[in-house]
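J.: First the structure, then my questions, so here it is.
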Amino acid sequence: MHVLVTGGSSGIGAATAVAYGSMGARVTITYNSGADRAAEVVKRVHEAGGEATAVRLDLEDHDTIAAAAWAAGPVDALVANAVRWGTIMPNSVPFEEVPAEEWTAALHANVVGNALLVQAVLPAMRRNGFGRIVFVSSGAAEEGLPGPGAYGTAKAALHGMCRALAWQAGKDGVLVNVAVAGLTVTERERPVSQDLLDTIASHTPTGRLSTAEDMAALIVFLGSAANRNITGELIRDGSNAGRSSHVL
């Protein structure tokens with residue numbers, strides 16, 4: 001199996017690449033600025049039993065999207081995990097004061113960028129009669145977060161893209177789904193206190209927050225032949241049960 005995982009140099013993307021590697025897959029990961037981290041993930045995929053290469057991709061740069069898809073070649077699965085986080089604004093910034101440029105950049109990268117990426121890999125999937133596409137989204141798209149809102153809006157747009165693609169490509173053997181992450185424990189430092197993390201975890205059925213590896217297991221299932229007929233769906237990770245906990 002050949003898989004393209006965008007945003008694969010850290011966090012959920014890195015864990016997903018390694019999980020595919022443990023299945024013996026050939027994985028192409030993309031990175032934007034973390035070339036050293038990407039090289040380390042390539043090494044981890046090899047150690048897990050797979051093959052891997054890394055290429056640069058910037059969702060705001062159409063040329064890099066086309067180049068990354070060309071470098072990867074025909075793929076059986078696309079995990080669209082890369083994201084443009086956008087300008088960090090205080091939660092106190094009113095909606096009406098968010099610059100138009102911020103909306104344009106967020107939607108151009110996270111929506112148009114991912115649409116172009118799908119356009120690049122979908123024809124080969126159709127020809128092969130098999131394909132799996134998994135968009136990685138966030139509970140912020142459904143529950144919202146305090147603050148300006150461009151990020152959550154862009155992620156919500158991927159849900160609509162998923163539904164459209166499911167109907168468009170299903171008869172060609174291509175299944176498309178969204179894996180919706182809640183607050184996920186990764187190696188990246190978060191400006192969240194341990195007390196707050198514990199409180200959020202206490203609102204989930206299992207009493208814990210998901211790790212990047214937990215999310216990777218969900219993504220790999222949706223993005224493999226083990227998924228036989230699930231398409232057009234939003235599959236929420238268990239951490240989403242605490243998804244309104246930002247109001248605490």
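Following the order of the structure tokens, first chain is A, next is B, and so on, with residues numbered from 1 inside each chain and ligands from 1 in the order they appear.
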So which residues of region 155-220 of chain A fall under alpha helix (DSSP H) by DSSP, listed as a CSV table (one decimal) with N, CA and C atoms, in the first residue's frame?
T.:
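Result file is selection14.csv:
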chain,number,residue,atom,x,y,z
A,155,LYS,N,-12.0,24.2,8.8
A,155,LYS,CA,-12.2,22.8,9.1
A,155,LYS,C,-13.6,22.3,8.8
A,156,ALA,N,-14.6,23.1,9.1
A,156,ALA,CA,-16.0,22.7,8.8
A,156,ALA,C,-16.2,22.5,7.3
A,157,ALA,N,-15.5,23.3,6.5
A,157,ALA,CA,-15.6,23.2,5.1
A,157,ALA,C,-15.2,21.9,4.6
A,158,LEU,N,-14.2,21.3,5.2
A,158,LEU,CA,-13.7,20.0,4.8
A,158,LEU,C,-14.8,18.9,5.0
A,159,HIS,N,-15.7,19.1,6.0
A,159,HIS,CA,-16.8,18.2,6.2
A,159,HIS,C,-17.7,18.2,4.9
A,160,GLY,N,-18.0,19.3,4.4
A,160,GLY,CA,-18.8,19.4,3.2
A,160,GLY,C,-18.1,18.8,2.0
A,161,MET,N,-16.8,19.1,1.9
A,161,MET,CA,-16.0,18.5,0.8
A,161,MET,C,-16.0,17.0,0.9
A,162,CYS,N,-15.9,16.4,2.1
A,162,CYS,CA,-16.0,15.0,2.2
A,162,CYS,C,-17.3,14.4,1.7
A,163,ARG,N,-18.4,15.1,2.0
A,163,ARG,CA,-19.7,14.6,1.6
A,163,ARG,C,-19.8,14.6,0.1
A,164,ALA,N,-19.4,15.7,-0.5
A,164,ALA,CA,-19.4,15.8,-2.0
A,164,ALA,C,-18.6,14.7,-2.6
A,165,LEU,N,-17.3,14.5,-2.1
A,165,LEU,CA,-16.5,13.5,-2.7
A,165,LEU,C,-17.0,12.1,-2.5
A,166,ALA,N,-17.6,11.9,-1.4
A,166,ALA,CA,-18.2,10.5,-1.2
A,166,ALA,C,-19.1,10.1,-2.3
A,167,TRP,N,-20.0,11.1,-2.6
A,167,TRP,CA,-21.0,10.8,-3.7
A,167,TRP,C,-20.3,10.8,-5.1
A,168,GLN,N,-19.3,11.6,-5.3
A,168,GLN,CA,-18.7,11.7,-6.6
A,168,GLN,C,-17.8,10.5,-6.9
A,169,ALA,N,-17.1,10.0,-5.9
A,169,ALA,CA,-16.1,9.0,-6.2
A,169,ALA,C,-16.4,7.6,-5.6
A,194,GLN,N,-1.9,21.3,33.3
A,194,GLN,CA,-2.3,19.9,33.5
A,194,GLN,C,-3.6,19.7,34.2
A,195,ASP,N,-3.9,20.7,35.1
A,195,ASP,CA,-5.2,20.6,35.8
A,195,ASP,C,-6.3,20.8,34.8
A,196,LEU,N,-6.2,21.6,33.8
A,196,LEU,CA,-7.3,21.8,32.8
A,196,LEU,C,-7.3,20.5,31.9
A,197,LEU,N,-6.2,20.0,31.5
A,197,LEU,CA,-6.2,18.7,30.8
A,197,LEU,C,-6.9,17.6,31.5
A,198,ASP,N,-6.6,17.5,32.8
A,198,ASP,CA,-7.3,16.5,33.7
A,198,ASP,C,-8.8,16.7,33.7
A,199,THR,N,-9.2,18.0,33.8
A,199,THR,CA,-10.6,18.3,33.9
A,199,THR,C,-11.3,17.9,32.6
A,200,ILE,N,-10.7,18.2,31.4
A,200,ILE,CA,-11.2,17.9,30.1
A,200,ILE,C,-11.3,16.4,30.0
A,201,ALA,N,-10.3,15.7,30.4
A,201,ALA,CA,-10.3,14.2,30.3
A,201,ALA,C,-11.4,13.6,31.2
A,202,SER,N,-11.7,14.2,32.3
A,202,SER,CA,-12.8,13.7,33.2
A,202,SER,C,-14.1,13.7,32.5
A,212,ALA,N,-1.7,10.8,20.0
A,212,ALA,CA,-1.6,10.8,18.6
A,212,ALA,C,-1.7,9.4,18.0
A,213,GLU,N,-1.2,8.5,18.8
A,213,GLU,CA,-1.3,7.1,18.3
A,213,GLU,C,-2.8,6.6,18.3
A,214,ASP,N,-3.6,7.0,19.2
A,214,ASP,CA,-5.0,6.7,19.2
A,214,ASP,C,-5.7,7.2,17.9
A,215,MET,N,-5.4,8.5,17.6
A,215,MET,CA,-5.9,9.1,16.3
A,215,MET,C,-5.4,8.3,15.1
A,216,ALA,N,-4.1,8.0,15.1
A,216,ALA,CA,-3.5,7.3,14.0
A,216,ALA,C,-4.2,5.9,13.7
A,217,ALA,N,-4.6,5.2,14.8
A,217,ALA,CA,-5.3,4.0,14.6
A,217,ALA,C,-6.6,4.2,13.9
A,218,LEU,N,-7.4,5.2,14.3
A,218,LEU,CA,-8.6,5.5,13.6
A,218,LEU,C,-8.4,5.9,12.1
A,219,ILE,N,-7.4,6.7,11.9
A,219,ILE,CA,-7.1,7.1,10.5
A,219,ILE,C,-6.7,6.0,9.6
A,220,VAL,N,-5.8,5.1,10.2
A,220,VAL,CA,-5.4,4.0,9.4
A,220,VAL,C,-6.5,3.0,9.0
J.: For region 119-134 of chain A, please output as a ChimeraX atom specification all residues within 8 Å (counting only C-alpha atoms; exclusion window: fewer than 4 positions along the same chain).
T.: /A:66,69,74-80,115,169,172-179,219,222-224
J.: Quick one: pick out all strand (DSSP E) residues within region 32-231 of chain A from a backbone DSSP run and write them as a PyMOL selection string.
T.: chain A and resi 51-56+77-80+131-138+174-181
J.: If we count only C-alpha atoms and set the cut-off at 10 Å, which residues sit around Thr53 (chain A), ignoring sequence neighbours fewer than 4 positions away in its own chain? Please answer as a list of chain:residue names.
T.: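 Residues meeting the cut-off are A:Leu4, A:Arg26, A:Val27, A:Thr28, A:Ile29, A:Thr30, A:Ala38, A:Ala39, A:Val41, A:Val42, A:Lys43, A:Val45, A:His46, A:Ala71, A:Ala72.
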J.: Suppose we keep N, CA and C atoms; can you now write the selection as a compact mmCIF listing (two decimals), in the first residue's frame?
T.:
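Output file part13.txt follows:
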# COMPACT_ATOMS: atom_id res chain seq x y z
N LEU A 4 0.01 8.77 1.13
CA LEU A 4 0.52 10.13 1.24
C LEU A 4 -0.08 10.75 2.50
N ARG A 26 4.29 1.78 2.03
CA ARG A 26 5.23 2.78 1.52
C ARG A 26 4.59 4.14 1.75
N VAL A 27 5.24 4.99 2.51
CA VAL A 27 4.64 6.23 2.98
C VAL A 27 5.44 7.43 2.48
N THR A 28 4.72 8.36 1.88
CA THR A 28 5.30 9.66 1.56
C THR A 28 4.72 10.65 2.55
N ILE A 29 5.58 11.30 3.32
CA ILE A 29 5.10 12.32 4.25
C ILE A 29 5.50 13.68 3.73
N THR A 30 4.69 14.68 4.08
CA THR A 30 5.04 16.04 3.70
C THR A 30 5.29 16.86 4.95
N ALA A 38 10.93 15.76 9.83
CA ALA A 38 10.44 14.84 8.81
C ALA A 38 11.42 13.71 8.58
N ALA A 39 12.72 14.02 8.57
CA ALA A 39 13.74 12.99 8.38
C ALA A 39 13.69 11.98 9.53
N VAL A 41 10.99 11.16 11.23
CA VAL A 41 9.80 10.33 11.02
C VAL A 41 10.06 9.29 9.94
N VAL A 42 10.75 9.67 8.88
CA VAL A 42 11.13 8.71 7.84
C VAL A 42 11.90 7.55 8.46
N LYS A 43 12.83 7.88 9.35
CA LYS A 43 13.60 6.84 10.03
C LYS A 43 12.69 5.94 10.87
N VAL A 45 9.52 5.29 10.39
CA VAL A 45 8.72 4.45 9.50
C VAL A 45 9.53 3.24 9.05
N HIS A 46 10.78 3.47 8.68
CA HIS A 46 11.66 2.36 8.28
C HIS A 46 11.83 1.37 9.43
N ALA A 71 5.74 13.79 -6.78
CA ALA A 71 6.81 13.03 -6.14
C ALA A 71 6.28 11.76 -5.51
N ALA A 72 5.09 11.83 -4.94
CA ALA A 72 4.51 10.64 -4.30
C ALA A 72 4.10 9.60 -5.32
J.: Which residue is closest to Ala54 (chain A)? Choose from A:Val118, A:Val93, A:Ala35, A:Ala154 and count only C-alpha atoms.
T.: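 Of A:Val118, A:Val93, A:Ala35, A:Ala154, the one nearest Ala54 (chain A) is A:Ala35, counting only C-alpha atoms.
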J.: To one decimal place in Å, what is the distance between CA of Val3 (chain A) and CA of Ala19 (chain A)?
T.: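 Pair CA of Val3 (chain A) / CA of Ala19 (chain A) returns 11.2 Å.
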J.: Choose the residue, out of A:Gly50, A:Gly73, A:Gly139, A:Gly149, that has the smallest atom-to-atom separation from Glu96 (chain A); count only C-alpha atoms.
T.: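 Of the candidates, the smallest distance to Glu96 (chain A) is held by A:Gly149.
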J.: So that I can see what lies close to Leu57 (chain A), please list as an MDAnalysis selection string the residues with an atom at most 7 Å from it, counting only C-alpha atoms and leaving out residues fewer than 5 positions away in the same chain.
T.: chainID A and resid 30:32 64:65 68
J.: For the residues in the current selection, export C-alpha atoms as a CSV table (one decimal), in the first residue's frame.
T.:
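So the final result, stored in selection01.csv, reads:
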chain,number,residue,atom,x,y,z
A,30,THR,CA,5.0,16.0,3.7
A,31,TYR,CA,6.4,18.8,5.8
A,32,ASN,CA,6.4,22.6,5.5
A,64,THR,CA,4.4,22.7,-3.9
A,65,ILE,CA,1.1,20.8,-3.8
A,68,ALA,CA,4.4,16.8,-3.7
J.: Quick one: of A:Ala109, A:Ala67, A:Ala17, A:Leu209, who's nearest to Arg44 (chain A), counting only C-alpha atoms?
T.: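 Of A:Ala109, A:Ala67, A:Ala17, A:Leu209, the one nearest Arg44 (chain A), counting only C-alpha atoms, is A:Ala17.
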